[in-house]
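File shown here: input_26.pdb, holding PDB, C-alpha atoms.
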```pdb
ATOM      1  CA  MET A 676       3.639  12.197  21.074  1.00  0.00           C
ATOM      2  CA  SER A 677       3.025  13.654  17.641  1.00  0.00           C
ATOM      3  CA  ARG A 678      -0.016  13.851  15.422  1.00  0.00           C
ATOM      4  CA  LEU A 679       0.574  12.956  11.787  1.00  0.00           C
ATOM      5  CA  LYS A 680      -1.819  14.131   9.124  1.00  0.00           C
ATOM      6  CA  PHE A 681      -2.265  12.412   5.752  1.00  0.00           C
ATOM      7  CA  PRO A 682      -4.655  13.613   3.035  1.00  0.00           C
ATOM      8  CA  TYR A 683      -6.794  10.951   1.387  1.00  0.00           C
ATOM      9  CA  LEU A 684      -5.635  10.311  -2.167  1.00  0.00           C
ATOM     10  CA  PRO A 685      -8.090  10.681  -5.056  1.00  0.00           C
ATOM     11  CA  ARG A 686      -8.466   7.763  -7.406  1.00  0.00           C
ATOM     12  CA  PRO A 687     -10.406   7.568 -10.647  1.00  0.00           C
ATOM     13  CA  VAL A 688     -13.525   5.455 -10.944  1.00  0.00           C
ATOM     14  CA  ILE A 689     -16.036   5.105 -13.748  1.00  0.00           C
ATOM     15  CA  ASN A 690     -19.677   5.023 -12.736  1.00  0.00           C
ATOM     16  CA  GLN A 691     -20.966   1.785 -14.263  1.00  0.00           C
ATOM     17  CA  LYS A 692     -24.494   3.147 -14.745  1.00  0.00           C
ATOM     18  CA  THR A 693     -23.650   6.492 -16.299  1.00  0.00           C
ATOM     19  CA  GLY A 694     -20.186   5.793 -17.673  1.00  0.00           C
ATOM     20  CA  LYS A 695     -19.050   9.098 -16.197  1.00  0.00           C
ATOM     21  CA  ARG A 696     -15.710   9.556 -14.496  1.00  0.00           C
ATOM     22  CA  ALA A 697     -15.620  10.374 -10.808  1.00  0.00           C
ATOM     23  CA  GLU A 698     -13.149  10.495  -7.947  1.00  0.00           C
ATOM     24  CA  VAL A 699     -13.094   8.409  -4.800  1.00  0.00           C
ATOM     25  CA  PHE A 700     -10.919   9.611  -1.935  1.00  0.00           C
ATOM     26  CA  THR A 701      -9.055   6.807  -0.215  1.00  0.00           C
ATOM     27  CA  PRO A 702      -6.990   6.708   3.005  1.00  0.00           C
ATOM     28  CA  PHE A 703      -3.518   5.788   1.780  1.00  0.00           C
ATOM     29  CA  VAL A 704      -0.383   6.486   3.806  1.00  0.00           C
ATOM     30  CA  PRO A 705       3.175   6.229   2.493  1.00  0.00           C
ATOM     31  CA  VAL A 706       5.156   3.637   4.432  1.00  0.00           C
ATOM     32  CA  MET A 707       8.555   2.096   3.925  1.00  0.00           C
ATOM     33  CA  VAL A 708       9.054  -1.585   4.693  1.00  0.00           C
ATOM     34  CA  SER A 709      12.156  -3.571   5.620  1.00  0.00           C
ATOM     35  CA  ILE A 710      13.199  -6.822   7.271  1.00  0.00           C
ATOM     36  CA  ASN A 711      15.901  -7.273   9.893  1.00  0.00           C
ATOM     37  CA  HIS A 712      18.512  -4.525   9.515  1.00  0.00           C
ATOM     38  CA  ARG A 713      18.282  -4.177   5.752  1.00  0.00           C
ATOM     39  CA  ASN A 714      17.574  -0.913   3.972  1.00  0.00           C
ATOM     40  CA  PRO A 715      13.891  -0.065   3.610  1.00  0.00           C
ATOM     41  CA  THR A 716      11.969   0.149   0.349  1.00  0.00           C
ATOM     42  CA  PRO A 717      11.080   3.497  -1.159  1.00  0.00           C
ATOM     43  CA  PRO A 718       7.811   4.881   0.231  1.00  0.00           C
ATOM     44  CA  ILE A 719       4.831   2.738  -0.808  1.00  0.00           C
ATOM     45  CA  ASP A 720       1.245   3.943  -0.589  1.00  0.00           C
ATOM     46  CA  ALA A 721      -0.584   1.556   1.746  1.00  0.00           C
ATOM     47  CA  LEU A 722      -4.322   1.445   2.336  1.00  0.00           C
ATOM     48  CA  VAL A 723      -5.336   1.936   5.958  1.00  0.00           C
ATOM     49  CA  ASP A 724      -8.068  -0.647   6.513  1.00  0.00           C
ATOM     50  CA  SER A 725      -9.822  -0.690   9.882  1.00  0.00           C
ATOM     51  CA  GLY A 726     -11.766  -3.771   8.779  1.00  0.00           C
ATOM     52  CA  SER A 727      -8.638  -5.829   8.342  1.00  0.00           C
ATOM     53  CA  ASP A 728      -7.492  -7.855  11.367  1.00  0.00           C
ATOM     54  CA  ARG A 729      -3.884  -7.818  10.253  1.00  0.00           C
ATOM     55  CA  ASN A 730      -1.503  -6.346   7.707  1.00  0.00           C
ATOM     56  CA  LEU A 731      -1.819  -8.050   4.330  1.00  0.00           C
ATOM     57  CA  PHE A 732       0.844  -7.373   1.698  1.00  0.00           C
ATOM     58  CA  PRO A 733       1.531  -8.629  -1.823  1.00  0.00           C
ATOM     59  CA  LEU A 734       3.779 -11.661  -1.983  1.00  0.00           C
ATOM     60  CA  GLN A 735       5.952  -9.861  -4.528  1.00  0.00           C
ATOM     61  CA  LEU A 736       6.784  -7.237  -1.915  1.00  0.00           C
ATOM     62  CA  GLY A 737       8.064 -10.042   0.303  1.00  0.00           C
ATOM     63  CA  VAL A 738      10.219 -11.267  -2.558  1.00  0.00           C
ATOM     64  CA  LEU A 739      11.550  -7.744  -2.979  1.00  0.00           C
ATOM     65  CA  LEU A 740      12.354  -7.589   0.739  1.00  0.00           C
ATOM     66  CA  GLY A 741      14.280 -10.858   0.549  1.00  0.00           C
ATOM     67  CA  ILE A 742      11.898 -13.035   2.577  1.00  0.00           C
ATOM     68  CA  ASN A 743      12.409 -16.755   1.970  1.00  0.00           C
ATOM     69  CA  PHE A 744       8.847 -18.047   1.763  1.00  0.00           C
ATOM     70  CA  LYS A 745       9.995 -21.651   1.342  1.00  0.00           C
ATOM     71  CA  LYS A 746      10.853 -21.654   5.036  1.00  0.00           C
ATOM     72  CA  ILE A 747       7.452 -20.352   6.173  1.00  0.00           C
ATOM     73  CA  ARG A 748       4.418 -22.559   6.690  1.00  0.00           C
ATOM     74  CA  PRO A 749       1.426 -21.073   4.857  1.00  0.00           C
ATOM     75  CA  LYS A 750      -1.835 -20.272   6.591  1.00  0.00           C
ATOM     76  CA  ILE A 751      -5.327 -19.559   5.342  1.00  0.00           C
ATOM     77  CA  ILE A 752      -6.932 -16.165   5.776  1.00  0.00           C
ATOM     78  CA  TYR A 753     -10.461 -15.134   4.902  1.00  0.00           C
ATOM     79  CA  GLY A 754     -11.495 -12.139   2.847  1.00  0.00           C
ATOM     80  CA  ILE A 755     -14.701 -10.519   1.723  1.00  0.00           C
ATOM     81  CA  GLY A 756     -17.271 -13.046   0.497  1.00  0.00           C
ATOM     82  CA  ASN A 757     -15.553 -15.686   2.633  1.00  0.00           C
ATOM     83  CA  ILE A 758     -12.849 -16.068  -0.010  1.00  0.00           C
ATOM     84  CA  LYS A 759      -9.898 -18.069   1.313  1.00  0.00           C
ATOM     85  CA  VAL A 760      -6.350 -17.108   0.396  1.00  0.00           C
ATOM     86  CA  LYS A 761      -3.006 -18.644   1.285  1.00  0.00           C
ATOM     87  CA  ALA A 762      -0.651 -16.324   3.131  1.00  0.00           C
ATOM     88  CA  PHE A 763       2.778 -16.393   4.760  1.00  0.00           C
ATOM     89  CA  THR A 764       3.493 -14.464   7.957  1.00  0.00           C
ATOM     90  CA  SER A 765       6.802 -12.686   8.447  1.00  0.00           C
ATOM     91  CA  LYS A 766       8.271 -10.177  10.858  1.00  0.00           C
ATOM     92  CA  ILE A 767       8.847  -6.824   9.201  1.00  0.00           C
ATOM     93  CA  ASN A 768       9.628  -3.219  10.026  1.00  0.00           C
ATOM     94  CA  ILE A 769       7.177  -0.518   9.007  1.00  0.00           C
ATOM     95  CA  TRP A 770       8.562   2.993   8.655  1.00  0.00           C
ATOM     96  CA  LEU A 771       6.127   5.847   9.040  1.00  0.00           C
ATOM     97  CA  ASP A 772       7.338   9.436   8.959  1.00  0.00           C
ATOM     98  CA  ASN A 773      10.938   8.159   9.224  1.00  0.00           C
ATOM     99  CA  THR A 774      10.201   6.225  12.429  1.00  0.00           C
ATOM    100  CA  LYS A 775      10.739   2.476  12.428  1.00  0.00           C
ATOM    101  CA  TYR A 776       8.164   0.168  14.031  1.00  0.00           C
ATOM    102  CA  SER A 777       8.604  -3.575  14.557  1.00  0.00           C
ATOM    103  CA  SER A 778       5.609  -5.429  13.220  1.00  0.00           C
ATOM    104  CA  GLU A 779       4.531  -8.393  11.152  1.00  0.00           C
ATOM    105  CA  ALA A 780       2.518  -8.933   7.999  1.00  0.00           C
ATOM    106  CA  ASP A 781       0.878 -11.693   6.014  1.00  0.00           C
ATOM    107  CA  PHE A 782       2.035 -11.962   2.404  1.00  0.00           C
ATOM    108  CA  SER A 783      -0.263 -13.361  -0.261  1.00  0.00           C
ATOM    109  CA  LEU A 784      -0.013 -13.883  -4.000  1.00  0.00           C
ATOM    110  CA  GLU A 785      -3.654 -12.832  -4.313  1.00  0.00           C
ATOM    111  CA  GLN A 786      -3.083  -9.471  -2.602  1.00  0.00           C
ATOM    112  CA  GLN A 787      -2.065  -6.532  -4.775  1.00  0.00           C
ATOM    113  CA  VAL A 788      -2.231  -3.450  -2.549  1.00  0.00           C
ATOM    114  CA  LEU A 789      -0.681  -3.100   0.908  1.00  0.00           C
ATOM    115  CA  LEU A 790      -3.378  -3.266   3.585  1.00  0.00           C
ATOM    116  CA  LEU A 791      -2.556  -1.899   7.026  1.00  0.00           C
ATOM    117  CA  GLY A 792      -4.733  -3.663   9.590  1.00  0.00           C
ATOM    118  CA  ARG A 793      -5.457  -3.337  13.282  1.00  0.00           C
ATOM    119  CA  HIS A 794      -2.862  -5.814  14.532  1.00  0.00           C
ATOM    120  CA  GLY A 795       0.494  -4.766  13.187  1.00  0.00           C
ATOM    121  CA  PHE A 796      -0.402  -1.184  12.375  1.00  0.00           C
ATOM    122  CA  PHE A 797      -3.259   0.425  14.324  1.00  0.00           C
ATOM    123  CA  ASN A 798      -1.974  -1.072  17.585  1.00  0.00           C
ATOM    124  CA  LEU A 799       1.376   0.673  17.109  1.00  0.00           C
ATOM    125  CA  PHE A 800      -0.256   4.045  17.730  1.00  0.00           C
ATOM    126  CA  ARG A 801      -2.271   5.876  20.339  1.00  0.00           C
ATOM    127  CA  LYS A 802      -5.059   6.793  17.956  1.00  0.00           C
ATOM    128  CA  VAL A 803      -5.947   6.458  14.268  1.00  0.00           C
ATOM    129  CA  THR A 804      -8.723   8.773  13.138  1.00  0.00           C
ATOM    130  CA  PHE A 805     -10.511   8.892   9.798  1.00  0.00           C
ATOM    131  CA  ASP A 806     -11.984  12.299   8.979  1.00  0.00           C
ATOM    132  CA  GLU A 807     -14.212  11.376   6.044  1.00  0.00           C
ATOM    133  CA  ARG A 808     -15.644  14.850   5.608  1.00  0.00           C
ATOM    134  CA  ALA A 809     -12.296  16.610   5.442  1.00  0.00           C
ATOM    135  CA  ARG A 810     -10.631  13.569   3.802  1.00  0.00           C
ATOM    136  CA  PHE A 811      -7.739  13.348   6.196  1.00  0.00           C
ATOM    137  CA  LEU A 812      -6.290  10.510   8.215  1.00  0.00           C
ATOM    138  CA  TYR A 813      -4.714  11.389  11.570  1.00  0.00           C
ATOM    139  CA  ILE A 814      -2.277   9.132  13.397  1.00  0.00           C
ATOM    140  CA  GLU A 815      -1.219   9.931  16.934  1.00  0.00           C
ATOM    141  CA  THR A 816       2.018   8.277  17.969  1.00  0.00           C
ATOM    142  CA  LEU A 817       2.619   6.862  21.461  1.00  0.00           C
TER     143      LEU A 817
ATOM    144  CA  MET B1359      -1.877  13.191  -8.792  1.00  0.00           C
ATOM    145  CA  ALA B1360      -4.005  13.713 -11.893  1.00  0.00           C
ATOM    146  CA  ASN B1361      -6.671  11.070 -12.281  1.00  0.00           C
ATOM    147  CA  ASN B1362      -6.454  11.191 -16.067  1.00  0.00           C
ATOM    148  CA  LEU B1363      -2.849  10.228 -15.585  1.00  0.00           C
ATOM    149  CA  LEU B1364      -3.748   7.312 -13.341  1.00  0.00           C
ATOM    150  CA  SER B1365      -6.589   5.835 -15.405  1.00  0.00           C
ATOM    151  CA  LYS B1366      -4.349   4.219 -17.964  1.00  0.00           C
ATOM    152  CA  TYR B1367      -2.401   2.465 -15.215  1.00  0.00           C
ATOM    153  CA  ALA B1368      -5.386   0.696 -13.616  1.00  0.00           C
ATOM    154  CA  ASN B1369      -4.355  -2.571 -11.949  1.00  0.00           C
ATOM    155  CA  LYS B1370      -0.658  -1.736 -12.289  1.00  0.00           C
ATOM    156  CA  TRP B1371       2.097  -0.569  -9.974  1.00  0.00           C
ATOM    157  CA  ILE B1372       3.557   2.842 -10.744  1.00  0.00           C
ATOM    158  CA  ALA B1373       6.490   4.873  -9.454  1.00  0.00           C
ATOM    159  CA  LEU B1374       5.584   8.509  -8.954  1.00  0.00           C
ATOM    160  CA  THR B1375       7.883  11.472  -8.512  1.00  0.00           C
ATOM    161  CA  ALA B1376       7.961  12.841  -4.972  1.00  0.00           C
ATOM    162  CA  ASP B1377       5.476  15.574  -5.912  1.00  0.00           C
ATOM    163  CA  ARG B1378       3.146  12.857  -7.332  1.00  0.00           C
ATOM    164  CA  LYS B1379       2.835  14.726 -10.630  1.00  0.00           C
ATOM    165  CA  LYS B1380       4.659  12.353 -12.949  1.00  0.00           C
ATOM    166  CA  VAL B1381       4.850   8.599 -13.484  1.00  0.00           C
ATOM    167  CA  VAL B1382       8.446   7.491 -14.032  1.00  0.00           C
ATOM    168  CA  ALA B1383       7.868   3.732 -14.332  1.00  0.00           C
ATOM    169  CA  SER B1384       5.108   1.137 -14.289  1.00  0.00           C
ATOM    170  CA  ALA B1385       4.934  -2.635 -13.972  1.00  0.00           C
ATOM    171  CA  LYS B1386       2.525  -5.456 -13.243  1.00  0.00           C
ATOM    172  CA  ASN B1387       3.997  -6.133  -9.796  1.00  0.00           C
ATOM    173  CA  ILE B1388       6.028  -4.230  -7.236  1.00  0.00           C
ATOM    174  CA  ASN B1389       9.129  -6.350  -7.648  1.00  0.00           C
ATOM    175  CA  ASP B1390       9.311  -5.650 -11.391  1.00  0.00           C
ATOM    176  CA  LEU B1391       8.622  -1.972 -10.696  1.00  0.00           C
ATOM    177  CA  ASP B1392      11.550  -1.780  -8.307  1.00  0.00           C
ATOM    178  CA  LYS B1393      13.827  -3.360 -10.907  1.00  0.00           C
ATOM    179  CA  LYS B1394      12.720  -0.779 -13.487  1.00  0.00           C
ATOM    180  CA  VAL B1395      13.245   2.128 -11.095  1.00  0.00           C
ATOM    181  CA  ARG B1396      16.762   0.933 -10.333  1.00  0.00           C
ATOM    182  CA  THR B1397      17.619   1.073 -14.035  1.00  0.00           C
ATOM    183  CA  LEU B1398      16.540   4.705 -14.402  1.00  0.00           C
ATOM    184  CA  LYS B1399      19.433   6.938 -15.342  1.00  0.00           C
ATOM    185  CA  LYS B1400      18.495   9.725 -12.988  1.00  0.00           C
ATOM    186  CA  SER B1401      18.362   8.733  -9.336  1.00  0.00           C
ATOM    187  CA  GLN B1402      15.366  10.393  -7.737  1.00  0.00           C
ATOM    188  CA  ASP B1403      12.972  10.051  -4.857  1.00  0.00           C
ATOM    189  CA  VAL B1404       9.927   8.057  -5.876  1.00  0.00           C
ATOM    190  CA  ILE B1405       6.728   6.765  -4.310  1.00  0.00           C
ATOM    191  CA  TYR B1406       5.356   3.372  -5.262  1.00  0.00           C
ATOM    192  CA  HIS B1407       1.601   3.246  -5.774  1.00  0.00           C
ATOM    193  CA  ARG B1408      -0.787   0.487  -6.817  1.00  0.00           C
ATOM    194  CA  VAL B1409      -3.507   1.905  -9.070  1.00  0.00           C
ATOM    195  CA  LEU B1410      -6.762   0.268  -8.043  1.00  0.00           C
ATOM    196  CA  PRO B1411      -9.412  -0.862 -10.544  1.00  0.00           C
ATOM    197  CA  ILE B1412     -11.340   2.063 -11.998  1.00  0.00           C
ATOM    198  CA  ASP B1413     -14.495   0.229 -13.090  1.00  0.00           C
ATOM    199  CA  GLY B1414     -16.062  -0.042  -9.644  1.00  0.00           C
ATOM    200  CA  SER B1415     -15.735   0.383  -5.918  1.00  0.00           C
ATOM    201  CA  TYR B1416     -12.924  -1.291  -4.024  1.00  0.00           C
ATOM    202  CA  ALA B1417     -13.606  -3.498  -0.993  1.00  0.00           C
ATOM    203  CA  PRO B1418     -10.400  -5.241   0.124  1.00  0.00           C
TER     204      PRO B1418
END
```
Would you write the structure of this file as structure tokens?
Amino acid sequence: MSRLKFPYLPRPVINQKTGKRAEVFTPFVPVMVSINHRNPTPPIDALVDSGSDRNLFPLQLGVLLGINFKKIRPKIIYGIGNIKVKAFTSKINIWLDNTKYSSEADFSLEQQVLLLGRHGFFNLFRKVTFDERARFLYIETL
Amino acid sequence: MANNLLSKYANKWIALTADRKKVVASAKNINDLDKKVRTLKKSQDVIYHRVLPIDGSYAP
């Protein structure tokens, strides 16, 4: 078992009331993604989202990985505000800290950032802990 | 990663150097970004990052 530590990444936001710039710290982790036995992508910052049931990735990432979406039946998934989006599920490998995990993800044209959800990411590990005060994410491997 | 650096790439994909200090390529989607990175003369370790919108909070 090991305990991985990832600092939250700062991102710029503009306060709409004051127009002033500020920083929001966000729990991203760098993961590599592959399918079958192909080489993985370079590291991609993915947002760790405990509110997401499943992994949700951009469709263009699937294209990059070589997934043939014509052979996959689409399904509907629901987002915030009950928005419905079409998504395609595929088996993938997620690489975290140079360790490969078998998983799956939904790919959607409407999704732009990689979301790591509870099924397909959180369930691969013993514990995922958000330390909001210190702005660190801890992942304990099995 | 300097936020001033990131602001101009809002809603785009960027490739950062391994130390996250420099943007080496940007594109509207990750597939186009990967193509651009592969054409770079110098082969280097990069991290792909989607810059989220800067004009409000983000709720995926």
Atom-to-atom span, atom CA of Ile742 of chain A and atom CA of Pro705 of chain A, Å: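 These two atoms are separated by 21.1 Å.
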Residues in the PyMOL selection byres ((chain B and resi 1371-1383) around 9), expressed as a list in words: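 Applying the PyMOL selection byres ((chain B and resi 1371-1383) around 9) to the structure shown produces Gln787 of chain A; Met1359, Ala1360, Leu1363, Leu1364, Tyr1367, Ala1368, Asn1369, Lys1370, Ser1384, Ala1385, Lys1386, Asn1387, Ile1388, Asp1390, Leu1391, Asp1392, Lys1394, Val1395, Leu1398, Gln1402, Asp1403, Val1404, Ile1405, Tyr1406, His1407, Arg1408 and Val1409 of chain B.
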Atomic separation - atom CA of Ala809 of chain A relative to atom CA of Leu679 of chain A, Å: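 Distance between the two atoms: 14.8 Å.
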Counting all atoms listed in the file, what are the residues of chain A within 10 Å of chain B, and for each of them which pair of atoms is the nearest and at what distance in Å, to one decimal? Sort the table by chain and rising number, as a Markdown table.
```
| residue | atom | partner | partner_atom | distance |
| --- | --- | --- | --- | --- |
| A:Leu684 | CA | B:Met1359 | CA | 8.1 |
| A:Pro685 | CA | B:Asn1361 | CA | 7.4 |
| A:Arg686 | CA | B:Asn1361 | CA | 6.2 |
| A:Pro687 | CA | B:Asn1361 | CA | 5.4 |
| A:Val688 | CA | B:Ile1412 | CA | 4.2 |
| A:Ile689 | CA | B:Asp1413 | CA | 5.2 |
| A:Asn690 | CA | B:Gly1414 | CA | 6.9 |
| A:Gln691 | CA | B:Asp1413 | CA | 6.8 |
| A:Gly694 | CA | B:Asp1413 | CA | 9.2 |
| A:Arg696 | CA | B:Ile1412 | CA | 9.0 |
| A:Ala697 | CA | B:Asn1361 | CA | 9.1 |
| A:Glu698 | CA | B:Asn1361 | CA | 7.8 |
| A:Val699 | CA | B:Ser1415 | CA | 8.5 |
| A:Thr701 | CA | B:Tyr1416 | CA | 9.7 |
| A:Phe703 | CA | B:His1407 | CA | 9.5 |
| A:Pro705 | CA | B:Ile1405 | CA | 7.7 |
| A:Val706 | CA | B:Ile1405 | CA | 9.4 |
| A:Met707 | CA | B:Ile1405 | CA | 9.6 |
| A:Thr716 | CA | B:Asp1392 | CA | 8.9 |
| A:Pro717 | CA | B:Ile1405 | CA | 6.3 |
| A:Pro718 | CA | B:Ile1405 | CA | 5.0 |
| A:Ile719 | CA | B:Tyr1406 | CA | 4.5 |
| A:Asp720 | CA | B:His1407 | CA | 5.2 |
| A:Ala721 | CA | B:His1407 | CA | 8.0 |
| A:Leu722 | CA | B:Pro1418 | CA | 9.3 |
| A:Asp724 | CA | B:Pro1418 | CA | 8.2 |
| A:Gly726 | CA | B:Pro1418 | CA | 8.9 |
| A:Ser727 | CA | B:Pro1418 | CA | 8.4 |
| A:Leu731 | CA | B:Pro1418 | CA | 10.0 |
| A:Pro733 | CA | B:Ile1388 | CA | 8.3 |
| A:Leu734 | CA | B:Ile1388 | CA | 9.4 |
| A:Gln735 | CA | B:Asn1389 | CA | 5.7 |
| A:Leu736 | CA | B:Ile1388 | CA | 6.2 |
| A:Gly737 | CA | B:Asn1389 | CA | 8.8 |
| A:Val738 | CA | B:Asn1389 | CA | 7.2 |
| A:Leu739 | CA | B:Asn1389 | CA | 5.4 |
| A:Leu740 | CA | B:Asn1389 | CA | 9.1 |
| A:Gly754 | CA | B:Pro1418 | CA | 7.5 |
| A:Ile755 | CA | B:Pro1418 | CA | 7.0 |
| A:Gln786 | CA | B:Pro1418 | CA | 8.9 |
| A:Gln787 | CA | B:Arg1408 | CA | 7.4 |
| A:Val788 | CA | B:Arg1408 | CA | 6.0 |
| A:Leu789 | CA | B:Arg1408 | CA | 8.5 |
| A:Leu790 | CA | B:Pro1418 | CA | 8.1 |
```
Writing out the chosen residues with C-alpha atoms as a PDB file, keeping the file's coordinate frame:
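again-v2.pdb, written as the output of this step:
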```
ATOM      1  CA  LEU A 684      -5.635  10.311  -2.167  1.00  0.00           C
ATOM      2  CA  PRO A 685      -8.090  10.681  -5.056  1.00  0.00           C
ATOM      3  CA  ARG A 686      -8.466   7.763  -7.406  1.00  0.00           C
ATOM      4  CA  PRO A 687     -10.406   7.568 -10.647  1.00  0.00           C
ATOM      5  CA  VAL A 688     -13.525   5.455 -10.944  1.00  0.00           C
ATOM      6  CA  ILE A 689     -16.036   5.105 -13.748  1.00  0.00           C
ATOM      7  CA  ASN A 690     -19.677   5.023 -12.736  1.00  0.00           C
ATOM      8  CA  GLN A 691     -20.966   1.785 -14.263  1.00  0.00           C
ATOM      9  CA  GLY A 694     -20.186   5.793 -17.673  1.00  0.00           C
ATOM     10  CA  ARG A 696     -15.710   9.556 -14.496  1.00  0.00           C
ATOM     11  CA  ALA A 697     -15.620  10.374 -10.808  1.00  0.00           C
ATOM     12  CA  GLU A 698     -13.149  10.495  -7.947  1.00  0.00           C
ATOM     13  CA  VAL A 699     -13.094   8.409  -4.800  1.00  0.00           C
ATOM     14  CA  THR A 701      -9.055   6.807  -0.215  1.00  0.00           C
ATOM     15  CA  PHE A 703      -3.518   5.788   1.780  1.00  0.00           C
ATOM     16  CA  PRO A 705       3.175   6.229   2.493  1.00  0.00           C
ATOM     17  CA  VAL A 706       5.156   3.637   4.432  1.00  0.00           C
ATOM     18  CA  MET A 707       8.555   2.096   3.925  1.00  0.00           C
ATOM     19  CA  THR A 716      11.969   0.149   0.349  1.00  0.00           C
ATOM     20  CA  PRO A 717      11.080   3.497  -1.159  1.00  0.00           C
ATOM     21  CA  PRO A 718       7.811   4.881   0.231  1.00  0.00           C
ATOM     22  CA  ILE A 719       4.831   2.738  -0.808  1.00  0.00           C
ATOM     23  CA  ASP A 720       1.245   3.943  -0.589  1.00  0.00           C
ATOM     24  CA  ALA A 721      -0.584   1.556   1.746  1.00  0.00           C
ATOM     25  CA  LEU A 722      -4.322   1.445   2.336  1.00  0.00           C
ATOM     26  CA  ASP A 724      -8.068  -0.647   6.513  1.00  0.00           C
ATOM     27  CA  GLY A 726     -11.766  -3.771   8.779  1.00  0.00           C
ATOM     28  CA  SER A 727      -8.638  -5.829   8.342  1.00  0.00           C
ATOM     29  CA  LEU A 731      -1.819  -8.050   4.330  1.00  0.00           C
ATOM     30  CA  PRO A 733       1.531  -8.629  -1.823  1.00  0.00           C
ATOM     31  CA  LEU A 734       3.779 -11.661  -1.983  1.00  0.00           C
ATOM     32  CA  GLN A 735       5.952  -9.861  -4.528  1.00  0.00           C
ATOM     33  CA  LEU A 736       6.784  -7.237  -1.915  1.00  0.00           C
ATOM     34  CA  GLY A 737       8.064 -10.042   0.303  1.00  0.00           C
ATOM     35  CA  VAL A 738      10.219 -11.267  -2.558  1.00  0.00           C
ATOM     36  CA  LEU A 739      11.550  -7.744  -2.979  1.00  0.00           C
ATOM     37  CA  LEU A 740      12.354  -7.589   0.739  1.00  0.00           C
ATOM     38  CA  GLY A 754     -11.495 -12.139   2.847  1.00  0.00           C
ATOM     39  CA  ILE A 755     -14.701 -10.519   1.723  1.00  0.00           C
ATOM     40  CA  GLN A 786      -3.083  -9.471  -2.602  1.00  0.00           C
ATOM     41  CA  GLN A 787      -2.065  -6.532  -4.775  1.00  0.00           C
ATOM     42  CA  VAL A 788      -2.231  -3.450  -2.549  1.00  0.00           C
ATOM     43  CA  LEU A 789      -0.681  -3.100   0.908  1.00  0.00           C
ATOM     44  CA  LEU A 790      -3.378  -3.266   3.585  1.00  0.00           C
TER      45      LEU A 790
END
```
Interatomic distance, atom CA of Ser765 of chain A to atom CA of Leu799 of chain A (Å, one decimal):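 Atom-to-atom, atom CA of Ser765 of chain A to atom CA of Leu799 of chain A, that is 16.8 Å.
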Test item: residues at most 10 Å from segment 676-678 of chain A, only C-alpha atoms, excluding those fewer than 5 positions along its chain, as a list of chain:residue names: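 Listing them by chain and then by number gives A:Phe800, A:Arg801, A:Lys802, A:Val803, A:Tyr813, A:Ile814, A:Glu815, A:Thr816, A:Leu817.
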For Lys680 of chain A, the nearest of the candidates A:Arg748, A:Thr764, A:Pro702, A:Pro715, counting all atoms listed in the file: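 When distances to Lys680 of chain A are compared using all atoms listed in the file, the smallest one comes from A:Pro702.
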Lys766 of chain A environment, 9 Å, all atoms listed in the file, sequence neighbours closer than 4 positions dropped, as a PyMOL selection string: chain A and resi 710-711+777-781
Residue with smallest distance to Tyr776 of chain A - pool A:Val708, A:Ile752, A:Lys692, A:Phe811, counting all atoms listed in the file: A:Val708
